[in-house]
Amino acid sequence: MLPDEETKQPAGTPETSPDAQAEPADAPREEGEPPDTETPAHQPPDEQAAPKSAPRFKCLVNYGKMFNHGYFVSFFDRGLKRGARVVVKTSRGTELGRIVVPPQPIPENENPVTDGRVLRAAVAEDIVRATHIEEHDEERDFEMCQRKIEEHNLDMELVEVEHVLGGEKIIFYFMAEHRVDFRGLVKDLAREFHTRIELRQVGVRDEAKLLSDYEHCGQQLCCRSFLRELAPVGMKMAKTQRTTLDPGKISGCCGRLMCCLRFEEDTYRKLLSAMPKRGAVITFQGNNVKIVDVDPIGDRLIVATEDGAYLTVKRSDTSAAAPAGEEVSGAEQAAGDEADEAVTVDEELPKT
């Protein structure tokens, strides 16, 4: 039987959350200043200064390779519909984002905490610039960084490169089993690219978030579409949801338990709290039956009749007949588990 404790990252490969502002102590990150000051190759159009009395709006924007979600203030709402591309100012520089939640008015006496400002709706020039960065600049940056890693003989695996739209910063994502002294690498990269350099260590779940697209359910990865945190997922959640306990079938692209087990957990617990308990005696079509198992999603019950037959019935077709009875017997339990898939469970989760 698999252990019930939560899955954890191997030592030395911590994971980062999309909205994290600082790295954990065991996830080294270092920024390098360029050796001299240069104007970025791409200078976005000057933003218009908003009058002091202008109305303010707050909208949720998805931005960056790590699919960060953040609230941004805007002094206009025209054209900012769900899915619209916008240019935003973040702590990293000028970036291209996408509207997730359309702008909502901000009361005059409220000063919300936001991650930056919406500069303008994206124009054709911004889209062309972002496409060029992705197809040419980031590929060049990746190859250059890989050569420098080999020159410095560093034990690290380069995963992805993110070149900020405005050119203010280049972020290199890497994986490593242990802490890496990459100070010399940062200096070389800053000297080569003449901009700020950031190296960020990520784990296997972040790697999947950066490189993968769709899960085996056919949907886009949850971490790429709406999840703001990569919280731990435990095997108890799979048991609560009565899914298979085969790790190979409930693990995602990253090799860890799927995140949907966590964010669906509250729904299952809420539905189960409204269901009668297993072993309770209820009335169905005028006869007393004992509950063997429950199906919270289908709102159905598996019951055992007095003559030993097993039925699947709608909860709405039953009524309470007596308080919870004795625990179900082994035979009744087996009948309730007939619909479950028979699998062999390893002692431990597969290592990635």
# chains A, B, ... in the order shown; residues from 1 in each chain; ligands from 1
>>> residues_around(residues="Gly286 (chain A)", least_positions_apart="4", cutoff="12 Å", atoms="only C-alpha atoms", output="compact mmCIF listing (two decimals) with N, CA and C atoms, in the first residue's frame")
# COMPACT_ATOMS: atom_id res chain seq x y z
N ILE A 282 -31.25 2.42 5.47
CA ILE A 282 -32.19 3.36 4.87
C ILE A 282 -33.34 2.58 4.25
N THR A 305 -29.62 -5.51 0.02
CA THR A 305 -30.97 -5.84 0.48
C THR A 305 -30.91 -6.97 1.50
N ASP A 317 -34.14 8.65 -4.15
CA ASP A 317 -35.19 7.62 -4.08
C ASP A 317 -35.20 6.89 -2.76
N THR A 318 -34.37 7.31 -1.82
CA THR A 318 -34.29 6.63 -0.52
C THR A 318 -34.67 7.59 0.59
N SER A 319 -34.88 7.05 1.75
CA SER A 319 -35.16 7.86 2.94
C SER A 319 -34.54 7.19 4.14
N ALA A 320 -34.24 7.98 5.17
CA ALA A 320 -33.61 7.45 6.38
C ALA A 320 -34.57 6.55 7.10
N ALA A 321 -34.06 5.36 7.53
CA ALA A 321 -34.91 4.42 8.25
C ALA A 321 -34.42 4.20 9.66
>>> residues_around(residues="Leu211 (chain A)", least_positions_apart="5", cutoff="9 Å", atoms="only C-alpha atoms", output="list in words")
Val159, Glu160 and Asp206 of chain A
>>> closest_residue(among="A:Ser273, A:Thr195, A:Thr114, A:Gln201", to="His178 (chain A)", atoms="only C-alpha atoms")
A:Gln201
>>> closest_residue(among="A:Leu257, A:Ile197, A:Ala190, A:Val88", to="Ala121 (chain A)", atoms="only C-alpha atoms")
A:Val88
>>> residues_around(residues="Met175 (chain A)", least_positions_apart="4", cutoff="7 Å", atoms="only C-alpha atoms", output="PyMOL selection string")
chain A and resi 13+156-159+201-203
>>> write_last_selection(atoms="N, CA and C atoms", output="PDB file, in the first residue's frame")
ATOM      1  N   THR A  13      16.018  20.297  -5.226  1.00  0.00           N
ATOM      2  CA  THR A  13      15.252  20.714  -6.409  1.00  0.00           C
ATOM      3  C   THR A  13      13.924  21.290  -5.974  1.00  0.00           C
ATOM      4  N   MET A 156      24.610  21.452 -13.875  1.00  0.00           N
ATOM      5  CA  MET A 156      23.253  21.981 -13.931  1.00  0.00           C
ATOM      6  C   MET A 156      22.668  21.748 -15.319  1.00  0.00           C
ATOM      7  N   GLU A 157      21.355  21.605 -15.373  1.00  0.00           N
ATOM      8  CA  GLU A 157      20.662  21.371 -16.639  1.00  0.00           C
ATOM      9  C   GLU A 157      19.819  22.593 -16.985  1.00  0.00           C
ATOM     10  N   LEU A 158      20.141  23.250 -18.080  1.00  0.00           N
ATOM     11  CA  LEU A 158      19.388  24.420 -18.521  1.00  0.00           C
ATOM     12  C   LEU A 158      18.042  23.960 -19.082  1.00  0.00           C
ATOM     13  N   VAL A 159      16.963  24.547 -18.574  1.00  0.00           N
ATOM     14  CA  VAL A 159      15.618  24.120 -18.958  1.00  0.00           C
ATOM     15  C   VAL A 159      14.975  25.067 -19.961  1.00  0.00           C
ATOM     16  N   GLN A 201      16.569  28.367 -10.104  1.00  0.00           N
ATOM     17  CA  GLN A 201      16.507  26.917 -10.015  1.00  0.00           C
ATOM     18  C   GLN A 201      15.057  26.475  -9.832  1.00  0.00           C
ATOM     19  N   VAL A 202      14.637  25.466 -10.604  1.00  0.00           N
ATOM     20  CA  VAL A 202      13.264  24.987 -10.556  1.00  0.00           C
ATOM     21  C   VAL A 202      13.258  23.480 -10.342  1.00  0.00           C
ATOM     22  N   GLY A 203      12.075  22.942 -10.019  1.00  0.00           N
ATOM     23  CA  GLY A 203      11.900  21.510  -9.823  1.00  0.00           C
ATOM     24  C   GLY A 203      11.185  20.880 -11.005  1.00  0.00           C
TER      25      GLY A 203
END
>>> select_by_dssp(residues="region 90-314 of chain A", states="strand (DSSP E or B)", output="PDB file with N, CA and C atoms, in the first residue's frame")
ATOM      1  N   THR A  90       5.891  45.247 -14.955  1.00  0.00           N
ATOM      2  CA  THR A  90       6.053  44.438 -13.762  1.00  0.00           C
ATOM      3  C   THR A  90       7.388  44.771 -13.101  1.00  0.00           C
ATOM      4  N   GLY A  93      10.154  44.249 -15.645  1.00  0.00           N
ATOM      5  CA  GLY A  93      10.284  45.118 -16.812  1.00  0.00           C
ATOM      6  C   GLY A  93       8.981  45.194 -17.583  1.00  0.00           C
ATOM      7  N   THR A  94       9.078  45.508 -18.859  1.00  0.00           N
ATOM      8  CA  THR A  94       7.904  45.601 -19.734  1.00  0.00           C
ATOM      9  C   THR A  94       7.634  44.227 -20.329  1.00  0.00           C
ATOM     10  N   GLU A  95       6.418  43.707 -20.099  1.00  0.00           N
ATOM     11  CA  GLU A  95       6.092  42.350 -20.520  1.00  0.00           C
ATOM     12  C   GLU A  95       4.762  42.310 -21.257  1.00  0.00           C
ATOM     13  N   LEU A  96       4.594  41.238 -22.024  1.00  0.00           N
ATOM     14  CA  LEU A  96       3.350  40.990 -22.738  1.00  0.00           C
ATOM     15  C   LEU A  96       2.499  40.032 -21.916  1.00  0.00           C
ATOM     16  N   GLY A  97       1.233  40.383 -21.708  1.00  0.00           N
ATOM     17  CA  GLY A  97       0.336  39.546 -20.922  1.00  0.00           C
ATOM     18  C   GLY A  97      -0.997  39.347 -21.608  1.00  0.00           C
ATOM     19  N   ARG A  98      -1.863  38.612 -20.923  1.00  0.00           N
ATOM     20  CA  ARG A  98      -3.198  38.344 -21.450  1.00  0.00           C
ATOM     21  C   ARG A  98      -4.224  38.546 -20.337  1.00  0.00           C
ATOM     22  N   ILE A  99      -5.307  39.221 -20.646  1.00  0.00           N
ATOM     23  CA  ILE A  99      -6.347  39.498 -19.655  1.00  0.00           C
ATOM     24  C   ILE A  99      -7.072  38.201 -19.273  1.00  0.00           C
ATOM     25  N   VAL A 100      -7.127  37.924 -17.980  1.00  0.00           N
ATOM     26  CA  VAL A 100      -7.865  36.769 -17.469  1.00  0.00           C
ATOM     27  C   VAL A 100      -9.222  37.200 -16.935  1.00  0.00           C
ATOM     28  N   VAL A 101      -9.236  38.259 -16.138  1.00  0.00           N
ATOM     29  CA  VAL A 101     -10.473  38.840 -15.619  1.00  0.00           C
ATOM     30  C   VAL A 101     -10.527  40.291 -16.081  1.00  0.00           C
ATOM     31  N   PRO A 102     -11.601  40.697 -16.799  1.00  0.00           N
ATOM     32  CA  PRO A 102     -11.694  42.070 -17.324  1.00  0.00           C
ATOM     33  C   PRO A 102     -11.619  43.115 -16.214  1.00  0.00           C
ATOM     34  N   PRO A 103     -11.296  44.361 -16.570  1.00  0.00           N
ATOM     35  CA  PRO A 103     -11.134  45.416 -15.555  1.00  0.00           C
ATOM     36  C   PRO A 103     -12.397  45.658 -14.739  1.00  0.00           C
ATOM     37  N   GLN A 104     -12.195  45.892 -13.456  1.00  0.00           N
ATOM     38  CA  GLN A 104     -13.264  46.253 -12.538  1.00  0.00           C
ATOM     39  C   GLN A 104     -12.911  47.597 -11.903  1.00  0.00           C
ATOM     40  N   PRO A 105     -13.879  48.507 -11.753  1.00  0.00           N
ATOM     41  CA  PRO A 105     -13.575  49.831 -11.187  1.00  0.00           C
ATOM     42  C   PRO A 105     -13.017  49.717  -9.767  1.00  0.00           C
ATOM     43  N   GLY A 116       1.607  45.640 -10.712  1.00  0.00           N
ATOM     44  CA  GLY A 116       2.119  46.568 -11.707  1.00  0.00           C
ATOM     45  C   GLY A 116       0.994  47.326 -12.378  1.00  0.00           C
ATOM     46  N   ARG A 117       1.266  47.801 -13.589  1.00  0.00           N
ATOM     47  CA  ARG A 117       0.315  48.645 -14.297  1.00  0.00           C
ATOM     48  C   ARG A 117       0.155  48.187 -15.732  1.00  0.00           C
ATOM     49  N   VAL A 118      -1.046  48.279 -16.249  1.00  0.00           N
ATOM     50  CA  VAL A 118      -1.310  48.023 -17.664  1.00  0.00           C
ATOM     51  C   VAL A 118      -0.933  49.283 -18.434  1.00  0.00           C
ATOM     52  N   LEU A 119       0.042  49.171 -19.323  1.00  0.00           N
ATOM     53  CA  LEU A 119       0.493  50.329 -20.087  1.00  0.00           C
ATOM     54  C   LEU A 119      -0.413  50.628 -21.273  1.00  0.00           C
ATOM     55  N   ARG A 120      -0.798  49.569 -21.985  1.00  0.00           N
ATOM     56  CA  ARG A 120      -1.615  49.760 -23.190  1.00  0.00           C
ATOM     57  C   ARG A 120      -2.071  48.406 -23.689  1.00  0.00           C
ATOM     58  N   ALA A 121      -3.054  48.430 -24.568  1.00  0.00           N
ATOM     59  CA  ALA A 121      -3.428  47.221 -25.287  1.00  0.00           C
ATOM     60  C   ALA A 121      -2.324  46.915 -26.290  1.00  0.00           C
ATOM     61  N   GLU A 157      21.355  21.605 -15.373  1.00  0.00           N
ATOM     62  CA  GLU A 157      20.662  21.371 -16.639  1.00  0.00           C
ATOM     63  C   GLU A 157      19.819  22.593 -16.985  1.00  0.00           C
ATOM     64  N   LEU A 158      20.141  23.250 -18.080  1.00  0.00           N
ATOM     65  CA  LEU A 158      19.388  24.420 -18.521  1.00  0.00           C
ATOM     66  C   LEU A 158      18.042  23.960 -19.082  1.00  0.00           C
ATOM     67  N   VAL A 159      16.963  24.547 -18.574  1.00  0.00           N
ATOM     68  CA  VAL A 159      15.618  24.120 -18.958  1.00  0.00           C
ATOM     69  C   VAL A 159      14.975  25.067 -19.961  1.00  0.00           C
ATOM     70  N   GLU A 160      14.983  26.361 -19.671  1.00  0.00           N
ATOM     71  CA  GLU A 160      14.280  27.322 -20.524  1.00  0.00           C
ATOM     72  C   GLU A 160      14.860  28.711 -20.319  1.00  0.00           C
ATOM     73  N   VAL A 161      14.618  29.570 -21.294  1.00  0.00           N
ATOM     74  CA  VAL A 161      15.066  30.959 -21.237  1.00  0.00           C
ATOM     75  C   VAL A 161      13.859  31.864 -21.433  1.00  0.00           C
ATOM     76  N   GLU A 162      13.801  32.935 -20.665  1.00  0.00           N
ATOM     77  CA  GLU A 162      12.725  33.930 -20.813  1.00  0.00           C
ATOM     78  C   GLU A 162      13.359  35.306 -21.004  1.00  0.00           C
ATOM     79  N   HIS A 163      13.116  35.862 -22.178  1.00  0.00           N
ATOM     80  CA  HIS A 163      13.643  37.176 -22.531  1.00  0.00           C
ATOM     81  C   HIS A 163      12.500  38.175 -22.426  1.00  0.00           C
ATOM     82  N   LYS A 169      15.602  42.369 -18.799  1.00  0.00           N
ATOM     83  CA  LYS A 169      16.112  41.218 -18.056  1.00  0.00           C
ATOM     84  C   LYS A 169      15.973  39.952 -18.897  1.00  0.00           C
ATOM     85  N   ILE A 170      16.902  39.009 -18.668  1.00  0.00           N
ATOM     86  CA  ILE A 170      16.819  37.668 -19.242  1.00  0.00           C
ATOM     87  C   ILE A 170      16.869  36.681 -18.085  1.00  0.00           C
ATOM     88  N   ILE A 171      15.893  35.767 -18.020  1.00  0.00           N
ATOM     89  CA  ILE A 171      15.823  34.781 -16.941  1.00  0.00           C
ATOM     90  C   ILE A 171      16.164  33.416 -17.507  1.00  0.00           C
ATOM     91  N   PHE A 172      17.091  32.721 -16.856  1.00  0.00           N
ATOM     92  CA  PHE A 172      17.484  31.370 -17.247  1.00  0.00           C
ATOM     93  C   PHE A 172      16.988  30.408 -16.163  1.00  0.00           C
ATOM     94  N   TYR A 173      16.161  29.435 -16.546  1.00  0.00           N
ATOM     95  CA  TYR A 173      15.636  28.439 -15.616  1.00  0.00           C
ATOM     96  C   TYR A 173      16.483  27.173 -15.744  1.00  0.00           C
ATOM     97  N   PHE A 174      16.892  26.616 -14.607  1.00  0.00           N
ATOM     98  CA  PHE A 174      17.736  25.420 -14.646  1.00  0.00           C
ATOM     99  C   PHE A 174      17.361  24.473 -13.527  1.00  0.00           C
ATOM    100  N   MET A 175      17.793  23.224 -13.688  1.00  0.00           N
ATOM    101  CA  MET A 175      17.613  22.196 -12.665  1.00  0.00           C
ATOM    102  C   MET A 175      18.978  21.694 -12.230  1.00  0.00           C
ATOM    103  N   ARG A 196      20.324  42.836 -17.475  1.00  0.00           N
ATOM    104  CA  ARG A 196      20.259  42.124 -16.196  1.00  0.00           C
ATOM    105  C   ARG A 196      20.021  40.636 -16.445  1.00  0.00           C
ATOM    106  N   ILE A 197      20.717  39.811 -15.662  1.00  0.00           N
ATOM    107  CA  ILE A 197      20.632  38.359 -15.806  1.00  0.00           C
ATOM    108  C   ILE A 197      20.106  37.758 -14.504  1.00  0.00           C
ATOM    109  N   GLU A 198      19.174  36.839 -14.631  1.00  0.00           N
ATOM    110  CA  GLU A 198      18.653  36.120 -13.461  1.00  0.00           C
ATOM    111  C   GLU A 198      18.696  34.631 -13.739  1.00  0.00           C
ATOM    112  N   LEU A 199      19.252  33.856 -12.815  1.00  0.00           N
ATOM    113  CA  LEU A 199      19.239  32.399 -12.884  1.00  0.00           C
ATOM    114  C   LEU A 199      18.339  31.880 -11.786  1.00  0.00           C
ATOM    115  N   ARG A 200      17.394  31.020 -12.161  1.00  0.00           N
ATOM    116  CA  ARG A 200      16.424  30.524 -11.182  1.00  0.00           C
ATOM    117  C   ARG A 200      16.371  29.003 -11.244  1.00  0.00           C
ATOM    118  N   GLN A 201      16.569  28.367 -10.104  1.00  0.00           N
ATOM    119  CA  GLN A 201      16.507  26.917 -10.015  1.00  0.00           C
ATOM    120  C   GLN A 201      15.057  26.475  -9.832  1.00  0.00           C
ATOM    121  N   TYR A 214      -0.306  19.876 -22.825  1.00  0.00           N
ATOM    122  CA  TYR A 214      -1.569  19.229 -22.480  1.00  0.00           C
ATOM    123  C   TYR A 214      -1.318  17.970 -21.659  1.00  0.00           C
ATOM    124  N   GLN A 220      -5.502  21.482 -21.219  1.00  0.00           N
ATOM    125  CA  GLN A 220      -4.242  22.159 -20.958  1.00  0.00           C
ATOM    126  C   GLN A 220      -3.846  21.976 -19.500  1.00  0.00           C
ATOM    127  N   GLY A 234      -1.315  14.779  -1.939  1.00  0.00           N
ATOM    128  CA  GLY A 234      -1.124  13.550  -1.178  1.00  0.00           C
ATOM    129  C   GLY A 234      -1.974  12.408  -1.686  1.00  0.00           C
ATOM    130  N   SER A 251      -0.545  10.320 -12.177  1.00  0.00           N
ATOM    131  CA  SER A 251       0.591  11.241 -12.198  1.00  0.00           C
ATOM    132  C   SER A 251       0.575  12.038 -13.485  1.00  0.00           C
ATOM    133  N   LEU A 257       1.954  13.387  -8.527  1.00  0.00           N
ATOM    134  CA  LEU A 257       0.503  13.267  -8.486  1.00  0.00           C
ATOM    135  C   LEU A 257      -0.138  14.509  -9.092  1.00  0.00           C
ATOM    136  N   ALA A 280     -25.084   2.613   7.181  1.00  0.00           N
ATOM    137  CA  ALA A 280     -26.378   3.103   7.657  1.00  0.00           C
ATOM    138  C   ALA A 280     -27.513   2.311   7.009  1.00  0.00           C
ATOM    139  N   VAL A 281     -28.617   2.190   7.713  1.00  0.00           N
ATOM    140  CA  VAL A 281     -29.805   1.503   7.201  1.00  0.00           C
ATOM    141  C   VAL A 281     -30.796   2.558   6.716  1.00  0.00           C
ATOM    142  N   ILE A 282     -31.252   2.415   5.470  1.00  0.00           N
ATOM    143  CA  ILE A 282     -32.193   3.357   4.873  1.00  0.00           C
ATOM    144  C   ILE A 282     -33.344   2.578   4.251  1.00  0.00           C
ATOM    145  N   THR A 283     -34.342   3.316   3.786  1.00  0.00           N
ATOM    146  CA  THR A 283     -35.513   2.696   3.174  1.00  0.00           C
ATOM    147  C   THR A 283     -35.500   2.940   1.679  1.00  0.00           C
ATOM    148  N   PHE A 284     -35.696   1.855   0.905  1.00  0.00           N
ATOM    149  CA  PHE A 284     -35.787   1.954  -0.553  1.00  0.00           C
ATOM    150  C   PHE A 284     -36.959   1.098  -1.013  1.00  0.00           C
ATOM    151  N   ASN A 287     -38.544  -1.099   1.634  1.00  0.00           N
ATOM    152  CA  ASN A 287     -37.731  -2.121   2.280  1.00  0.00           C
ATOM    153  C   ASN A 287     -36.488  -1.494   2.907  1.00  0.00           C
ATOM    154  N   ASN A 288     -36.042  -2.077   4.017  1.00  0.00           N
ATOM    155  CA  ASN A 288     -34.818  -1.611   4.652  1.00  0.00           C
ATOM    156  C   ASN A 288     -33.606  -2.190   3.927  1.00  0.00           C
ATOM    157  N   VAL A 289     -32.654  -1.316   3.607  1.00  0.00           N
ATOM    158  CA  VAL A 289     -31.415  -1.747   2.944  1.00  0.00           C
ATOM    159  C   VAL A 289     -30.252  -1.099   3.671  1.00  0.00           C
ATOM    160  N   LYS A 290     -29.092  -1.721   3.541  1.00  0.00           N
ATOM    161  CA  LYS A 290     -27.894  -1.198   4.182  1.00  0.00           C
ATOM    162  C   LYS A 290     -26.959  -0.609   3.122  1.00  0.00           C
ATOM    163  N   ILE A 291     -26.417   0.570   3.425  1.00  0.00           N
ATOM    164  CA  ILE A 291     -25.513   1.244   2.479  1.00  0.00           C
ATOM    165  C   ILE A 291     -24.152   0.563   2.521  1.00  0.00           C
ATOM    166  N   VAL A 292     -23.707   0.111   1.347  1.00  0.00           N
ATOM    167  CA  VAL A 292     -22.404  -0.526   1.220  1.00  0.00           C
ATOM    168  C   VAL A 292     -21.354   0.470   0.754  1.00  0.00           C
ATOM    169  N   ASP A 293     -21.751   1.358  -0.160  1.00  0.00           N
ATOM    170  CA  ASP A 293     -20.816   2.348  -0.677  1.00  0.00           C
ATOM    171  C   ASP A 293     -21.601   3.532  -1.222  1.00  0.00           C
ATOM    172  N   VAL A 294     -20.907   4.634  -1.484  1.00  0.00           N
ATOM    173  CA  VAL A 294     -21.557   5.846  -1.984  1.00  0.00           C
ATOM    174  C   VAL A 294     -20.815   6.348  -3.210  1.00  0.00           C
ATOM    175  N   ASP A 295     -21.553   7.036  -4.095  1.00  0.00           N
ATOM    176  CA  ASP A 295     -20.999   7.679  -5.289  1.00  0.00           C
ATOM    177  C   ASP A 295     -21.361   9.153  -5.216  1.00  0.00           C
ATOM    178  N   ARG A 300     -25.379   8.737  -5.977  1.00  0.00           N
ATOM    179  CA  ARG A 300     -25.981   7.403  -5.933  1.00  0.00           C
ATOM    180  C   ARG A 300     -25.425   6.612  -4.756  1.00  0.00           C
ATOM    181  N   LEU A 301     -26.163   5.559  -4.401  1.00  0.00           N
ATOM    182  CA  LEU A 301     -25.785   4.683  -3.298  1.00  0.00           C
ATOM    183  C   LEU A 301     -25.746   3.243  -3.774  1.00  0.00           C
ATOM    184  N   ILE A 302     -24.801   2.468  -3.265  1.00  0.00           N
ATOM    185  CA  ILE A 302     -24.783   1.022  -3.478  1.00  0.00           C
ATOM    186  C   ILE A 302     -25.270   0.393  -2.187  1.00  0.00           C
ATOM    187  N   VAL A 303     -26.373  -0.329  -2.276  1.00  0.00           N
ATOM    188  CA  VAL A 303     -27.024  -0.852  -1.071  1.00  0.00           C
ATOM    189  C   VAL A 303     -27.150  -2.368  -1.158  1.00  0.00           C
ATOM    190  N   ALA A 304     -27.245  -2.987   0.023  1.00  0.00           N
ATOM    191  CA  ALA A 304     -27.449  -4.433   0.128  1.00  0.00           C
ATOM    192  C   ALA A 304     -28.837  -4.686   0.689  1.00  0.00           C
ATOM    193  N   TYR A 310     -27.393  -6.766  -4.302  1.00  0.00           N
ATOM    194  CA  TYR A 310     -26.776  -5.443  -4.272  1.00  0.00           C
ATOM    195  C   TYR A 310     -27.370  -4.590  -5.382  1.00  0.00           C
ATOM    196  N   LEU A 311     -27.749  -3.361  -5.024  1.00  0.00           N
ATOM    197  CA  LEU A 311     -28.393  -2.456  -5.973  1.00  0.00           C
ATOM    198  C   LEU A 311     -27.691  -1.101  -5.956  1.00  0.00           C
ATOM    199  N   THR A 312     -27.729  -0.441  -7.099  1.00  0.00           N
ATOM    200  CA  THR A 312     -27.270   0.942  -7.187  1.00  0.00           C
ATOM    201  C   THR A 312     -28.495   1.824  -7.363  1.00  0.00           C
ATOM    202  N   VAL A 313     -28.724   2.734  -6.427  1.00  0.00           N
ATOM    203  CA  VAL A 313     -29.956   3.529  -6.427  1.00  0.00           C
ATOM    204  C   VAL A 313     -29.610   5.006  -6.293  1.00  0.00           C
ATOM    205  N   LYS A 314     -30.534   5.852  -6.723  1.00  0.00           N
ATOM    206  CA  LYS A 314     -30.371   7.290  -6.546  1.00  0.00           C
ATOM    207  C   LYS A 314     -30.643   7.660  -5.096  1.00  0.00           C
TER     208      LYS A 314
END
>>> select_by_dssp(residues="region 252-293 of chain A", states="alpha helix (DSSP H)", output="PyMOL selection string")
chain A and resi 260-263+265-273
>>> residues_around(residues="Arg129 (chain A)", least_positions_apart="4", cutoff="9 Å", atoms="only C-alpha atoms", output="list in words")
His42, Ala124, Glu125, Ile133, Glu134 and Leu165 of chain A
>>> write_last_selection(atoms="all heavy atoms", output="tab-separated table (two decimals), in the first residue's frame")
chain	number	residue	atom	x	y	z
A	42	HIS	N	14.62	47.18	-27.81
A	42	HIS	CA	13.23	47.54	-28.12
A	42	HIS	C	12.74	48.54	-27.09
A	42	HIS	O	12.75	48.28	-25.90
A	42	HIS	CB	12.35	46.29	-28.09
A	42	HIS	CG	10.89	46.62	-28.24
A	42	HIS	ND1	10.36	47.16	-29.37
A	42	HIS	CD2	9.87	46.48	-27.37
A	42	HIS	CE1	9.05	47.32	-29.21
A	42	HIS	NE2	8.74	46.93	-27.99
A	124	ALA	N	0.26	45.56	-33.06
A	124	ALA	CA	0.93	44.61	-33.94
A	124	ALA	C	2.44	44.60	-33.71
A	124	ALA	O	3.08	43.54	-33.77
A	124	ALA	CB	0.62	44.95	-35.40
A	125	GLU	N	3.02	45.75	-33.44
A	125	GLU	CA	4.46	45.83	-33.20
A	125	GLU	C	4.87	44.99	-32.00
A	125	GLU	O	5.92	44.32	-32.01
A	125	GLU	CB	4.86	47.29	-32.98
A	125	GLU	CG	6.35	47.47	-32.69
A	125	GLU	CD	6.68	48.90	-32.32
A	125	GLU	OE1	5.78	49.77	-32.37
A	125	GLU	OE2	7.85	49.15	-31.95
A	133	ILE	N	11.38	37.49	-30.42
A	133	ILE	CA	12.12	37.11	-29.21
A	133	ILE	C	12.03	35.61	-29.00
A	133	ILE	O	13.04	34.94	-28.72
A	133	ILE	CB	11.58	37.87	-28.00
A	133	ILE	CG1	11.99	39.35	-28.06
A	133	ILE	CG2	12.09	37.25	-26.70
A	133	ILE	CD1	11.40	40.20	-26.96
A	134	GLU	N	10.83	35.06	-29.12
A	134	GLU	CA	10.62	33.64	-28.86
A	134	GLU	C	11.32	32.76	-29.88
A	134	GLU	O	11.87	31.71	-29.54
A	134	GLU	CB	9.12	33.34	-28.84
A	134	GLU	CG	8.78	31.90	-28.50
A	134	GLU	CD	7.30	31.66	-28.43
A	134	GLU	OE1	6.53	32.63	-28.57
A	134	GLU	OE2	6.89	30.50	-28.22
A	165	LEU	N	10.06	41.26	-22.74
A	165	LEU	CA	9.73	42.00	-23.96
A	165	LEU	C	10.52	43.30	-24.08
A	165	LEU	O	11.03	43.63	-25.16
A	165	LEU	CB	8.23	42.31	-23.99
A	165	LEU	CG	7.72	43.10	-25.19
A	165	LEU	CD1	7.83	42.27	-26.46
A	165	LEU	CD2	6.28	43.56	-24.98
>>> closest_residue(among="A:Leu154, A:Leu189, A:Pro55, A:Val113", to="Tyr71 (chain A)", atoms="only C-alpha atoms")
A:Val113
>>> closest_residue(among="A:Ile106, A:Leu245, A:Leu210, A:Leu80", to="Arg56 (chain A)", atoms="only C-alpha atoms")
A:Ile106
>>> atom_distance(atom1="CA of Ile297 (chain A)", atom2="CA of Thr243 (chain A)")
12.1 Å
>>> atom_distance(atom1="CA of Pro296 (chain A)", atom2="CA of Met275 (chain A)")
7.0 Å
>>> closest_residue(among="A:Asp299, A:Asp126, A:Asp213, A:Glu139", to="Pro276 (chain A)", atoms="only C-alpha atoms")
A:Asp299
>>> atom_distance(atom1="CA of Phe193 (chain A)", atom2="CA of Glu135 (chain A)")
17.1 Å
